[in-house]
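Undergrad: I am sharing query.cif, which consists of mmCIF, C-alpha atoms:
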```cif
data_data
#
loop_
_atom_site.label_atom_id
_atom_site.label_comp_id
_atom_site.auth_asym_id
_atom_site.auth_seq_id
_atom_site.Cartn_x
_atom_site.Cartn_y
_atom_site.Cartn_z
CA MET A 1 44.55 72.92 -9.93
CA GLU A 2 41.50 73.41 -7.84
CA ASN A 3 39.23 72.89 -10.87
CA ALA A 4 41.06 69.69 -11.82
CA SER A 5 40.53 68.19 -8.35
CA LYS A 6 36.83 69.14 -8.47
CA ALA A 7 36.56 67.52 -11.91
CA LEU A 8 38.19 64.34 -10.60
CA LEU A 9 35.79 64.27 -7.62
CA MET A 10 32.81 64.73 -9.95
CA ALA A 11 34.03 61.98 -12.27
CA ALA A 12 34.59 59.65 -9.30
CA SER A 13 31.09 60.36 -7.93
CA VAL A 14 29.51 59.72 -11.35
CA LEU A 15 31.47 56.46 -11.62
CA ILE A 16 30.38 55.36 -8.14
CA GLY A 17 26.77 56.29 -9.00
CA VAL A 18 26.91 54.22 -12.19
CA LEU A 19 28.37 51.29 -10.23
CA ILE A 20 25.60 51.53 -7.62
CA LEU A 21 22.92 51.69 -10.31
CA SER A 22 24.47 48.74 -12.14
CA LEU A 23 24.53 46.73 -8.91
CA ALA A 24 20.87 47.62 -8.24
CA VAL A 25 19.80 46.54 -11.74
CA TYR A 26 21.76 43.29 -11.43
CA LEU A 27 20.20 42.49 -8.03
CA PHE A 28 16.72 43.38 -9.32
CA THR A 29 16.97 41.05 -12.33
CA SER A 30 18.60 38.33 -10.25
CA PHE A 31 15.90 38.44 -7.58
CA GLY A 32 13.21 38.71 -10.27
CA SER A 33 14.35 35.55 -12.03
CA THR A 34 14.63 33.74 -8.69
CA SER A 35 11.08 34.80 -7.85
CA ALA A 36 9.82 33.64 -11.25
CA GLU A 37 11.55 30.30 -10.73
CA LEU A 38 9.93 29.91 -7.30
CA HIS A 39 6.49 30.68 -8.78
CA LYS A 40 7.09 28.13 -11.52
CA GLN A 41 8.07 25.48 -8.95
CA GLN A 42 4.97 26.27 -6.86
CA ASP A 43 2.75 25.95 -9.94
CA GLU A 44 4.35 22.59 -10.78
CA GLN A 45 3.79 21.38 -7.20
CA ARG A 46 0.13 22.46 -7.29
CA LEU A 47 -0.35 20.67 -10.60
CA GLU A 48 1.29 17.52 -9.23
CA GLN A 49 -0.89 17.62 -6.10
CA PHE A 50 -4.02 18.11 -8.19
CA ASN A 51 -3.17 15.26 -10.57
CA THR A 52 -2.27 12.95 -7.67
CA GLN A 53 -5.85 13.18 -6.41
CA PHE A 54 -6.86 11.22 -9.51
CA SER A 55 -3.73 9.26 -10.46
CA SER A 56 -3.48 7.66 -7.00
CA TYR A 57 -6.39 5.40 -8.01
CA GLU A 58 -4.75 4.29 -11.25
CA GLY A 59 -3.08 0.89 -11.43
CA LYS A 60 -4.07 -0.37 -7.98
CA ASP A 61 -3.50 -4.13 -7.89
CA GLY A 62 -6.57 -4.78 -5.78
CA GLY A 63 -8.70 -2.44 -7.87
CA ILE A 64 -10.92 0.29 -6.52
CA THR A 65 -14.47 0.10 -5.19
CA ILE A 66 -17.53 2.09 -6.17
CA TYR A 67 -16.78 4.37 -3.21
CA ASP A 68 -13.48 5.34 -4.82
CA VAL A 69 -15.29 5.93 -8.12
CA VAL A 70 -17.76 8.21 -6.34
CA THR A 71 -14.87 10.07 -4.70
CA ILE A 72 -13.24 10.59 -8.10
CA ALA A 73 -16.54 11.78 -9.59
CA ASN A 74 -17.07 14.20 -6.70
CA LEU A 75 -13.55 15.63 -7.11
CA ALA A 76 -14.22 16.14 -10.82
CA THR A 77 -17.62 17.72 -10.15
CA GLU A 78 -16.11 20.11 -7.58
CA ASN A 79 -13.43 21.08 -10.10
CA ASN A 80 -16.00 21.70 -12.84
CA ILE A 81 -18.18 23.77 -10.50
CA TYR A 82 -15.13 25.78 -9.35
CA TYR A 83 -14.29 26.68 -12.95
CA ASP A 84 -18.01 27.23 -13.71
CA PHE A 85 -18.08 24.78 -16.62
CA PRO A 86 -21.40 23.77 -18.10
CA LYS A 87 -21.82 20.04 -18.53
CA LYS A 88 -20.12 18.60 -21.59
CA ASN A 89 -20.69 15.45 -23.55
CA GLU A 90 -17.87 13.00 -24.27
CA ALA A 91 -17.18 14.45 -27.73
CA THR A 92 -16.52 17.96 -26.40
CA VAL A 93 -14.02 16.93 -23.70
CA THR A 94 -10.70 17.73 -25.36
CA GLY A 95 -8.33 18.62 -22.53
CA ASN A 96 -7.90 22.19 -23.77
CA ASP A 97 -9.37 23.60 -20.55
CA ASN A 98 -9.63 22.51 -16.91
CA TYR A 99 -12.80 20.42 -17.38
CA ILE A 100 -12.61 16.86 -16.03
CA SER A 101 -14.77 14.01 -17.32
CA VAL A 102 -15.26 10.79 -15.37
CA ARG A 103 -16.60 7.76 -17.23
CA LEU A 104 -17.89 4.66 -15.50
CA LYS A 105 -18.07 1.43 -17.46
CA LYS A 106 -20.19 -1.30 -15.90
CA LYS A 107 -20.39 -4.95 -16.96
CA VAL A 108 -23.56 -6.00 -18.73
CA GLY A 109 -23.27 -9.74 -19.22
CA GLN A 110 -19.84 -10.11 -20.80
CA ALA A 111 -19.91 -6.77 -22.61
CA ILE A 112 -18.83 -3.51 -21.03
CA GLN A 113 -20.96 -0.46 -21.63
CA ILE A 114 -20.61 3.14 -20.55
CA GLU A 115 -23.26 3.91 -17.98
CA ARG A 116 -22.69 7.43 -16.71
CA GLY A 117 -20.10 10.19 -16.57
CA SER A 118 -19.63 13.17 -14.29
CA ASP A 119 -20.84 15.39 -17.11
CA ALA A 120 -24.48 14.46 -16.53
CA ASN A 121 -26.90 16.44 -14.38
CA THR A 122 -25.57 16.56 -10.79
CA ASN A 123 -28.75 15.14 -9.21
CA ASP A 124 -28.89 12.31 -11.76
CA VAL A 125 -25.25 11.47 -11.04
CA ARG A 126 -25.91 11.31 -7.29
CA LYS A 127 -28.94 9.04 -7.78
CA PHE A 128 -26.97 6.85 -10.16
CA TYR A 129 -24.02 6.44 -7.81
CA ASN A 130 -26.31 5.93 -4.80
CA ASN A 131 -27.98 3.06 -6.67
CA LEU A 132 -24.58 1.54 -7.50
CA ILE A 133 -23.49 1.83 -3.88
CA GLN A 134 -26.69 0.13 -2.72
CA GLU A 135 -26.14 -2.68 -5.25
CA ASP A 136 -22.57 -3.19 -4.06
CA LEU A 137 -23.57 -3.05 -0.39
CA ALA A 138 -26.15 -5.75 -1.06
CA LYS A 139 -23.28 -7.96 -2.29
CA VAL A 140 -21.24 -7.56 0.90
CA LYS A 141 -21.42 -10.55 3.22
CA ASN A 142 -23.01 -9.84 6.56
CA PRO A 143 -21.26 -11.64 9.43
CA GLY A 144 -24.67 -12.98 10.41
CA GLU A 145 -25.08 -11.37 13.81
CA GLN A 146 -28.20 -9.35 14.42
CA GLY A 147 -27.38 -5.63 14.33
CA SER A 148 -23.73 -6.20 13.48
CA THR A 149 -21.86 -3.80 11.24
CA VAL A 150 -21.08 -4.74 7.67
CA SER A 151 -17.51 -5.91 7.15
CA ILE A 152 -15.49 -6.58 4.03
CA ASP A 153 -13.29 -9.65 3.94
CA GLU A 154 -9.98 -8.51 2.46
CA ASP A 155 -9.26 -11.98 1.02
CA GLU A 156 -12.61 -12.33 -0.73
CA PRO A 157 -14.12 -8.90 -1.32
CA ASP A 158 -17.70 -9.03 -2.54
CA LEU A 159 -17.81 -5.48 -3.79
CA ALA A 160 -17.44 -4.92 -7.51
CA LEU A 161 -13.92 -3.78 -8.32
CA TYR A 162 -12.92 -1.28 -10.97
CA ASP A 163 -9.76 -0.47 -12.85
CA CYS A 164 -9.00 3.21 -13.25
CA LYS A 165 -7.26 4.88 -16.20
CA VAL A 166 -6.26 8.56 -16.15
CA GLU A 167 -5.62 10.71 -19.23
CA TYR A 168 -3.58 13.93 -19.10
CA SER A 169 -4.02 17.00 -21.28
CA THR A 170 -1.08 17.90 -23.51
CA VAL A 171 -2.20 21.55 -23.29
CA THR A 172 -2.68 22.05 -19.53
CA GLY A 173 -0.78 19.07 -18.12
CA ARG A 174 -3.82 18.36 -15.90
CA VAL A 175 -5.97 15.28 -15.66
CA TYR A 176 -8.92 15.76 -17.99
CA LYS A 177 -10.44 12.29 -18.21
CA VAL A 178 -10.78 9.38 -15.79
CA ILE A 179 -12.21 6.08 -16.98
CA CYS A 180 -13.26 3.48 -14.41
CA THR A 181 -14.05 0.03 -15.84
CA GLU A 182 -15.64 -2.74 -13.81
CA ARG A 183 -13.46 -5.82 -13.64
CA PRO A 184 -14.81 -9.01 -15.18
#
```
Would you kindly transcribe this structure into structure tokens?

TA:
Amino acid sequence: MENASKALLMAASVLIGVLILSLAVYLFTSFGSTSAELHKQQDEQRLEQFNTQFSSYEGKDGGITIYDVVTIANLATENNIYYDFPKKNEATVTGNDNYISVRLKKKVGQAIQIERGSDANTNDVRKFYNNLIQEDLAKVKNPGEQGSTVSIDEDEPDLALYDCKVEYSTVTGRVYKVICTERP
């Protein structure tokens, strides 16, 4: 009888041990999947925040100015430097990596032609955009007072306005191309 009670105690302890191990495995997998889901949500939020930096300029009714174009180009340049990408030409920008290309299309007479993208030499891009900024600033009306600050009349802006179009990669889900076209 004594052996039977010891056998029952051993069987009960093995059963309790198996239950505890089963509970531990269940909690581990449950917490693991919850953690993976949280990481996935965080990655989606980061992607959305990143894309919003560029997509916020798209479809603005009033258009964007050259300053906004320069901001977009600087964001793209910072991204490309962060990922240590060499400059690419338009044909090699496919959206299969994190490279971002910014194209600027300026009016020439009635035709639109591509002038410069963010994939050019960094110093050339800065000179190019500085020249565009100076051209646009020259178009801004000065209130006429000596030493007064330049102001932009919201009703009749004199700065060239641009429309922005953003393209997303089907591979990464990130913005990979931004095209800014001067309005006619």

Undergrad: To one decimal in Å, tell me the separation between CA of Val178 in chain A and CA of Glu58 in chain A.

TA: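 Going from CA of Val178 in chain A over to CA of Glu58 in chain A, I get 9.1 Å.
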
Undergrad: Could you list, as a tab-separated table (two decimals) with C-alpha atoms, in the frame of the given file, every residue matched by the PyMOL selection byres ((chain A and resi 65) around 8) in this structure?

TA:
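expr-v4.tsv, freshly written:
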```tsv
chain	number	residue	atom	x	y	z
A	63	GLY	CA	-8.70	-2.44	-7.87
A	64	ILE	CA	-10.92	0.29	-6.52
A	66	ILE	CA	-17.53	2.09	-6.17
A	67	TYR	CA	-16.78	4.37	-3.21
A	68	ASP	CA	-13.48	5.34	-4.82
A	69	VAL	CA	-15.29	5.93	-8.12
A	159	LEU	CA	-17.81	-5.48	-3.79
A	160	ALA	CA	-17.44	-4.92	-7.51
A	161	LEU	CA	-13.92	-3.78	-8.32
A	162	TYR	CA	-12.92	-1.28	-10.97
```

Undergrad: Counting all atoms listed in the file, which of A:Tyr83, A:Tyr99, A:Phe28, A:Phe54 gets nearest to Ile179 in chain A?

TA: A:Phe54

Undergrad: Pick out the residues sitting within 8 Å of Thr172 in chain A, and hand them over as a compact mmCIF listing (two decimals) with C-alpha atoms, keeping the file's coordinate frame; count all atoms listed in the file, and ignore anything fewer than 4 positions along from it in its own chain.

TA:
```txt
# COMPACT_ATOMS: atom_id res chain seq x y z
CA GLY A 95 -8.33 18.62 -22.53
CA ASN A 96 -7.90 22.19 -23.77
CA ASP A 97 -9.37 23.60 -20.55
CA ASN A 98 -9.63 22.51 -16.91
```

Undergrad: Decode the PyMOL selection byres ((chain A and resi 76) around 9) for the given file into explicit residues and return them as JSON, numbers by chain.

TA: {"A": [54, 71, 72, 73, 74, 75, 77, 78, 79, 80, 81, 99, 100, 101, 102, 118, 176]}

Undergrad: Once the PyMOL selection byres ((chain A and resi 41-52) around 10) has been applied to the shown file, what residues remain in the selection, as a CSV table (one decimal) with C-alpha atoms, in the frame of the given file?

TA:
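Result saved to expr-v2.csv:
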```csv
chain,number,residue,atom,x,y,z
A,35,SER,CA,11.1,34.8,-7.8
A,36,ALA,CA,9.8,33.6,-11.2
A,37,GLU,CA,11.6,30.3,-10.7
A,38,LEU,CA,9.9,29.9,-7.3
A,39,HIS,CA,6.5,30.7,-8.8
A,40,LYS,CA,7.1,28.1,-11.5
A,53,GLN,CA,-5.8,13.2,-6.4
A,54,PHE,CA,-6.9,11.2,-9.5
A,55,SER,CA,-3.7,9.3,-10.5
A,56,SER,CA,-3.5,7.7,-7.0
A,57,TYR,CA,-6.4,5.4,-8.0
A,58,GLU,CA,-4.8,4.3,-11.2
A,75,LEU,CA,-13.6,15.6,-7.1
A,166,VAL,CA,-6.3,8.6,-16.2
A,168,TYR,CA,-3.6,13.9,-19.1
A,172,THR,CA,-2.7,22.0,-19.5
A,173,GLY,CA,-0.8,19.1,-18.1
A,174,ARG,CA,-3.8,18.4,-15.9
A,175,VAL,CA,-6.0,15.3,-15.7
A,176,TYR,CA,-8.9,15.8,-18.0
```
